[in-house]
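Engineer: model.txt is reproduced in full below (compact mmCIF, C-alpha atoms and all ligand atoms).
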```txt
# COMPACT_ATOMS: atom_id res chain seq x y z
CA MET A 26 132.23 196.51 155.00
CA THR A 27 131.98 200.28 155.05
CA LYS A 28 133.48 201.88 151.95
CA ILE A 29 135.08 205.29 152.28
CA LEU A 30 135.94 207.65 149.44
CA ILE A 31 138.77 210.07 150.23
CA VAL A 32 138.76 213.23 148.11
CA GLU A 33 142.03 215.03 148.74
CA ASP A 34 144.48 216.64 146.32
CA GLU A 35 147.51 216.42 148.60
CA GLU A 36 148.95 212.96 148.17
CA THR A 37 150.72 212.77 151.54
CA ILE A 38 147.50 213.58 153.42
CA ARG A 39 145.48 211.22 151.22
CA LYS A 40 147.89 208.34 151.91
CA PHE A 41 147.92 209.15 155.64
CA GLU A 42 144.12 209.00 155.76
CA LYS A 43 144.01 205.84 153.62
CA VAL A 44 146.57 203.90 155.68
CA ASN A 45 144.84 204.79 158.95
CA LEU A 46 141.36 203.96 157.73
CA GLU A 47 142.47 200.66 156.21
CA MET A 48 144.10 199.75 159.53
CA GLU A 49 140.68 200.25 161.12
CA GLY A 50 139.18 197.80 158.64
CA PHE A 51 137.54 200.21 156.21
CA GLN A 52 137.61 199.75 152.47
CA VAL A 53 139.08 202.88 150.89
CA VAL A 54 138.91 204.40 147.41
CA GLU A 55 140.62 207.69 146.53
CA ALA A 56 140.26 210.71 144.30
CA ALA A 57 142.67 213.64 143.83
CA SER A 58 140.12 216.23 142.66
CA GLY A 59 136.46 217.11 143.07
CA GLU A 60 135.61 216.06 139.52
CA GLU A 61 137.32 212.70 139.99
CA GLY A 62 135.61 212.35 143.38
CA LEU A 63 132.15 212.70 141.83
CA GLU A 64 133.00 210.21 139.09
CA ILE A 65 134.29 207.64 141.58
CA ALA A 66 131.33 208.25 143.89
CA ARG A 67 128.98 207.30 141.02
CA LYS A 68 131.00 204.19 140.14
CA GLU A 69 131.95 202.93 143.59
CA ASN A 70 128.92 203.85 145.73
CA PRO A 71 130.87 204.75 148.89
CA ASP A 72 129.06 204.82 152.24
CA ILE A 73 131.04 207.78 153.52
CA VAL A 74 132.99 210.52 151.73
CA LEU A 75 135.89 212.24 153.47
CA LEU A 76 135.94 215.47 151.54
CA ASP A 77 138.66 218.12 151.53
CA VAL A 78 137.37 221.69 151.11
CA MET A 79 140.30 223.22 149.25
CA LEU A 80 140.58 221.36 145.96
CA PRO A 81 141.77 222.38 142.50
CA GLY A 82 138.81 222.82 140.11
CA ILE A 83 135.46 222.52 141.86
CA ASP A 84 135.83 222.88 145.62
CA GLY A 85 134.62 220.62 148.40
CA PHE A 86 131.45 222.62 149.03
CA GLN A 87 130.34 222.17 145.42
CA VAL A 88 131.23 218.48 145.51
CA CYS A 89 129.18 218.17 148.69
CA ARG A 90 126.11 219.77 147.08
CA GLN A 91 126.40 217.48 144.05
CA LEU A 92 126.81 214.37 146.21
CA ARG A 93 123.67 215.38 148.06
CA SER A 94 121.74 215.59 144.80
CA MET A 95 122.56 211.93 144.12
CA GLU A 96 119.87 209.37 144.86
CA ARG A 97 121.90 207.32 147.32
CA GLU A 98 122.26 208.14 151.01
CA ILE A 99 125.90 209.07 151.59
CA GLY A 100 127.58 210.24 154.79
CA ILE A 101 129.84 213.26 154.23
CA ILE A 102 132.63 214.58 156.46
CA MET A 103 134.25 217.82 155.32
CA VAL A 104 137.95 218.34 155.99
CA THR A 105 138.65 222.02 156.59
CA ALA A 106 142.12 223.50 156.45
CA LYS A 107 141.56 226.31 158.87
CA ASN A 108 140.17 226.08 162.34
CA GLN A 109 137.56 228.74 161.70
CA ASP A 110 133.94 228.41 162.63
CA ILE A 111 132.79 230.06 159.43
CA ASP A 112 134.38 227.29 157.33
CA LYS A 113 132.78 224.63 159.44
CA ILE A 114 129.39 226.25 159.22
CA GLU A 115 129.63 226.76 155.45
CA GLY A 116 130.52 223.09 155.07
CA LEU A 117 127.53 222.09 157.14
CA GLU A 118 125.25 224.44 155.20
CA ALA A 119 126.39 222.70 152.02
CA GLY A 120 124.94 219.51 153.52
CA SER A 121 127.82 217.71 155.19
CA ASP A 122 127.13 215.56 158.26
CA ASP A 123 130.27 216.52 160.14
CA TYR A 124 133.58 218.29 159.74
CA ILE A 125 137.12 217.78 160.94
CA SER A 126 139.89 220.40 160.95
CA LYS A 127 143.42 219.79 159.72
CA PRO A 128 145.71 218.89 161.32
CA PHE A 129 143.93 216.00 163.04
CA ASN A 130 145.22 212.83 164.59
CA PRO A 131 144.23 209.38 163.30
CA ARG A 132 142.24 208.64 166.47
CA GLU A 133 140.02 211.69 165.98
CA LEU A 134 139.47 210.78 162.33
CA THR A 135 138.49 207.22 163.25
CA LEU A 136 136.09 208.42 165.96
CA ARG A 137 134.34 210.79 163.56
CA ILE A 138 134.02 208.14 160.86
CA LYS A 139 132.74 205.52 163.30
CA SER A 140 130.23 207.93 164.79
CA LEU A 141 128.85 208.70 161.32
CA GLU A 142 128.91 205.00 160.39
CA ARG A 143 126.77 204.27 163.46
CA ARG A 144 124.33 207.01 162.46
CA LEU A 145 124.00 205.58 158.95
CA ASN A 146 123.51 202.06 160.35
CA LYS A 147 121.00 203.33 162.88
CA ASN A 148 118.99 204.90 160.07
CA GLN A 149 118.95 201.45 158.45
CA GLU A 150 117.83 199.81 161.68
CA LEU A 151 115.15 202.43 162.13
CA SER A 152 113.71 201.24 158.83
CA ASP A 153 111.09 199.25 160.72
CA GLY A 154 108.47 199.86 158.06
CA LYS A 155 106.54 202.28 160.21
CA GLN A 156 105.15 205.51 158.93
CA ILE A 157 104.76 208.54 161.09
CA GLU A 158 102.14 210.99 159.88
CA VAL A 159 101.84 214.35 161.52
CA GLY A 160 99.62 216.96 159.90
CA LYS A 161 101.20 217.84 156.55
CA PHE A 162 104.20 215.63 157.20
CA LYS A 163 104.86 211.98 156.58
CA LEU A 164 108.00 210.06 157.48
CA ASP A 165 108.30 206.67 155.82
CA LYS A 166 110.83 204.63 157.74
CA ALA A 167 110.90 201.81 155.20
CA SER A 168 112.19 204.02 152.40
CA ARG A 169 113.71 206.62 154.77
CA LYS A 170 111.88 209.36 152.95
CA PHE A 171 110.19 212.44 154.30
CA TYR A 172 107.28 214.28 152.76
CA LYS A 173 105.49 217.56 153.25
CA ASP A 174 102.10 217.78 151.51
CA ASN A 175 103.08 214.55 149.72
CA VAL A 176 106.13 216.20 148.15
CA GLU A 177 109.41 214.55 149.08
CA ILE A 178 111.88 216.71 150.97
CA ASP A 179 115.50 215.68 150.53
CA LEU A 180 117.14 215.17 153.92
CA THR A 181 120.77 214.33 154.68
CA PRO A 182 121.30 211.21 156.85
CA THR A 183 121.86 213.48 159.85
CA GLU A 184 118.76 215.59 159.20
CA TYR A 185 116.76 212.39 158.83
CA SER A 186 117.93 211.18 162.26
CA VAL A 187 116.97 214.53 163.79
CA MET A 188 113.51 214.36 162.16
CA VAL A 189 112.90 210.84 163.55
CA LEU A 190 113.83 212.11 167.01
CA PHE A 191 111.43 215.08 166.74
CA LEU A 192 108.50 213.11 165.34
CA GLU A 193 108.87 210.34 167.93
CA ASN A 194 108.93 212.95 170.71
CA GLN A 195 106.33 215.43 169.53
CA GLY A 196 105.47 218.19 171.95
CA GLU A 197 108.47 217.44 174.17
CA ALA A 198 111.31 219.92 174.55
CA ILE A 199 114.57 218.24 173.56
CA SER A 200 117.84 219.75 174.72
CA ARG A 201 120.85 220.25 172.45
CA ASP A 202 122.73 217.65 174.50
CA GLU A 203 119.92 215.14 174.10
CA ILE A 204 119.90 215.73 170.35
CA LEU A 205 123.70 215.39 170.23
CA ASP A 206 123.61 212.13 172.21
CA ALA A 207 120.75 210.66 170.20
CA VAL A 208 121.97 211.65 166.75
CA TRP A 209 125.74 212.13 166.91
CA GLY A 210 126.40 209.69 169.75
CA GLU A 211 127.61 210.20 173.27
CA ASP A 212 131.24 210.10 172.20
CA PHE A 213 130.85 213.04 169.80
CA ILE A 214 133.77 215.38 170.36
CA GLY A 215 132.81 218.29 168.14
CA ASP A 216 130.98 221.55 168.76
CA SER A 217 127.31 221.50 169.84
CA LYS A 218 126.73 224.29 167.30
CA ILE A 219 126.42 221.45 164.81
CA VAL A 220 122.91 220.91 166.23
CA ASP A 221 121.89 224.51 165.54
CA VAL A 222 123.25 224.41 161.98
CA ASN A 223 121.27 221.25 161.26
CA ILE A 224 118.12 222.75 162.77
CA ARG A 225 118.57 225.87 160.65
CA ARG A 226 118.99 223.77 157.55
CA LEU A 227 115.94 221.66 158.42
CA ARG A 228 113.87 224.80 158.95
CA THR A 229 114.76 226.18 155.51
CA LYS A 230 113.61 222.87 154.06
CA ILE A 231 110.31 222.44 155.89
CA GLU A 232 109.12 225.78 157.24
CA ALA A 233 107.27 228.38 155.15
CA ASP A 234 109.32 231.09 156.90
CA SER A 235 112.40 229.67 158.62
CA SER A 236 112.75 232.78 160.80
CA LYS A 237 109.21 232.23 162.16
CA PRO A 238 109.03 228.46 162.42
CA ASP A 239 105.62 226.80 162.81
CA TYR A 240 106.99 223.32 163.58
CA ILE A 241 110.56 223.25 164.89
CA LYS A 242 110.38 225.81 167.67
CA THR A 243 113.18 227.07 169.85
CA VAL A 244 112.82 226.54 173.59
CA TRP A 245 114.99 229.26 175.05
CA GLY A 246 117.68 227.98 177.34
CA VAL A 247 116.80 224.37 176.56
CA GLY A 248 116.81 223.38 172.91
CA TYR A 249 114.02 222.62 170.49
CA ILE A 250 110.50 221.22 170.32
CA TRP A 251 108.37 219.85 167.48
CA GLU A 252 104.88 221.33 167.51
CA SER A 253 102.14 220.86 164.99
CA CA B 1 143.49 220.42 149.57
```
Rewrite the structure from the file as structure tokens, please.
Ligand code: CA

Structural biologist:
Amino acid sequence: MTKILIVEDEETIRKFEKVNLEMEGFQVVEAASGEEGLEIARKENPDIVLLDVMLPGIDGFQVCRQLRSMEREIGIIMVTAKNQDIDKIEGLEAGSDDYISKPFNPRELTLRIKSLERRLNKNQELSDGKQIEVGKFKLDKASRKFYKDNVEIDLTPTEYSVMVLFLENQGEAISRDEILDAVWGEDFIGDSKIVDVNIRRLRTKIEADSSKPDYIKTVWGVGYIWES
């Protein structure tokens, strides 16, 4: 059973999210602040964290960064108050897998959670024990770890899915839509900019100069290609 941690200071919203997710068969634990959220995340090992941005004390972006520094693979969906691109992008830069803007309806919330749940499960299924080695890079599908020059590079679950797609399709241009379908699922209802943000974040992690990428190259008018 997928366990979801809700981090939200407003009780009415927290209860609304909890009731709806429990109706969909998820196990739910709650926290009313970022600090409490981190503590419960350590104790309860949630699969997915639904994380409000505006929190008293440490904010959602900081919580997101700290969750990412934990050993365990956790899916993170940021909940933004405003419908502004900049908030969404900042949340994604902090390492979240997706975002949802308040106010949202229960159906949209469920779709986002299920889409991320599928991605996390797919990463598990992809653990077929194979290793892909390409030049300086090694992707170990058994441990779901990624290395450059034998140094592990921390990837979010979403970045990991994107890397598998690139390394299994080396030298082939992959469109944004193909990346969206393969990684986020065909029912993804968000903005395709999410692909670009993830690519940018991947480049800062693996390229020597992310503005002049040697590996993840842009194919103008199409999408991206892995070259090495
Ligand atoms: Ca809040």

Engineer: Write out, as CSV, each residue of chain A that has an atom at most 9 Å from ligand CA 1 (chain B), together with the closest pair of atoms and their distance in Å to one decimal, counting all atoms listed in the file, rows going by chain and rising number.

Structural biologist:
```
residue,atom,partner,partner_atom,distance
A:Val32,CA,B:CA1,CA,8.7
A:Glu33,CA,B:CA1,CA,5.6
A:Asp34,CA,B:CA1,CA,5.1
A:Glu35,CA,B:CA1,CA,5.8
A:Ile38,CA,B:CA1,CA,8.8
A:Ala57,CA,B:CA1,CA,8.9
A:Ser58,CA,B:CA1,CA,8.8
A:Asp77,CA,B:CA1,CA,5.7
A:Val78,CA,B:CA1,CA,6.4
A:Met79,CA,B:CA1,CA,4.3
A:Leu80,CA,B:CA1,CA,4.7
A:Pro81,CA,B:CA1,CA,7.5
A:Asp84,CA,B:CA1,CA,9.0
A:Gly85,CA,B:CA1,CA,8.9
A:Val104,CA,B:CA1,CA,8.7
A:Thr105,CA,B:CA1,CA,8.7
A:Ala106,CA,B:CA1,CA,7.7
```

Engineer: I'd like the interatomic distance between CA of Arg143 (chain A) and CA of Gly196 (chain A), to a tenth of an Å.

Structural biologist: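 Distance between the two atoms: 26.8 Å.
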
Engineer: Just the number, please: distance in Å from CA of Leu205 (chain A) to CA of Tyr124 (chain A), one decimal.

Structural biologist: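 So the two atoms, CA of Leu205 (chain A) and CA of Tyr124 (chain A), lie 14.7 Å apart.
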
Engineer: Find the nearest atom pair between each residue of region 90-207 of chain A and region 233-240 of chain A for residues within 12 Å, count all atoms listed in the file, give distances in Å to one decimal, sort rows by chain and ascending number, and present the table as a Markdown table.

Structural biologist:
```
| residue | atom | partner | partner_atom | distance |
| --- | --- | --- | --- | --- |
| A:Val159 | CA | A:Tyr240 | CA | 10.5 |
| A:Gly160 | CA | A:Tyr240 | CA | 10.4 |
| A:Lys161 | CA | A:Tyr240 | CA | 10.6 |
| A:Phe162 | CA | A:Tyr240 | CA | 10.4 |
| A:Lys173 | CA | A:Ala233 | CA | 11.1 |
| A:Met188 | CA | A:Tyr240 | CA | 11.2 |
| A:Phe191 | CA | A:Tyr240 | CA | 9.9 |
| A:Leu192 | CA | A:Tyr240 | CA | 10.5 |
| A:Gln195 | CA | A:Tyr240 | CA | 9.9 |
| A:Gly196 | CA | A:Tyr240 | CA | 9.9 |
```

Engineer: Go through A:Leu180, A:Met48, A:Val244, A:Ile199 one by one, measure the shortest atom-to-atom distance of each to Leu227 (chain A) using all atoms listed in the file, and give the residue with the smallest value.

Structural biologist: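 Under the stated criterion, the closest residue is A:Leu180.
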
Engineer: Of the residues A:Ser253, A:Thr229, A:Gly82, A:Ile73, which is the one nearest to Ile102 (chain A), using all atoms listed in the file?

Structural biologist: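 Using all atoms listed in the file, the shortest distance to Ile102 (chain A) belongs to A:Ile73.
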
Engineer: Tell me, as a list in words, which residues lie within 12 Å of Glu193 (chain A), counting only C-alpha atoms; anything in the same chain fewer than 6 positions away does not count.

Structural biologist: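 Counting only the stated atoms, we get Leu151, Lys155, Gln156, Ile157, Glu158, Val159, Leu164, Lys166, Ser186, Val187, Ile199, Ile250, Trp251 and Glu252 of chain A.
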
Engineer: Could you state the separation of CA of Gly100 (chain A) and CA of Glu211 (chain A) in Å, given to one decimal place?

Structural biologist: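 Result for CA of Gly100 (chain A) versus CA of Glu211 (chain A): 18.5 Å, one decimal.
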
Engineer: Specify the axis-aligned box that encloses all atoms of region 233-252 of chain A listed in the file after padding of 5 Å on each side, stating its centre and edge lengths in Å to one decimal as AutoDock Vina command-line options.

Structural biologist:
```
--center_x 111.3 --center_y 226.3 --center_z 166.2 --size_x 22.8 --size_y 22.9 --size_z 32.2
```

Engineer: Anything within 9 Å of (125.4, 211.9, 165.3): list those residues as JSON, numbers by chain, counting only C-alpha atoms and sticking to the file's coordinates.

Structural biologist: {"A": [122, 123, 140, 141, 143, 144, 183, 186, 187, 204, 205, 206, 207, 208, 209, 210, 211, 213]}

Engineer: Let me make sure I understand: among A:Asp72, A:Glu36, A:Glu177, A:Asp202, which one has the smallest atom-to-atom distance to Gly248 (chain A) if we use only C-alpha atoms?

Structural biologist: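 Closest to Gly248 (chain A) of all the choices is A:Asp202.
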
Engineer: Here is a test: counting only C-alpha atoms, which residue of A:Lys68, A:Glu133, A:Met103, A:Met95 is nearest to Ile31 (chain A)?

Structural biologist: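 Of A:Lys68, A:Glu133, A:Met103, A:Met95, the one nearest Ile31 (chain A) is A:Met103, counting only C-alpha atoms.
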
Engineer: Would you mind telling me which residue in A:Val220, A:Leu30, A:Phe41, A:Glu47 lies nearest to Gly62 (chain A) when using only C-alpha atoms?

Structural biologist: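 Closest residue, counting only C-alpha atoms: A:Leu30.
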
Engineer: Between A:Ser121, A:Ser94, A:Asn70, A:Gln52, which has the minimum distance to Ile178 (chain A) (counting only C-alpha atoms)?

Structural biologist: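 Closest to Ile178 (chain A), using only C-alpha atoms: A:Ser94.
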
Engineer: Could you pull out every residue with an atom within 6 Å of (136.9, 203.5, 159.9), file coordinates, counting only C-alpha atoms, and send them as JSON, numbers by chain?

Structural biologist: {"A": [46, 49, 51, 135, 138, 139]}
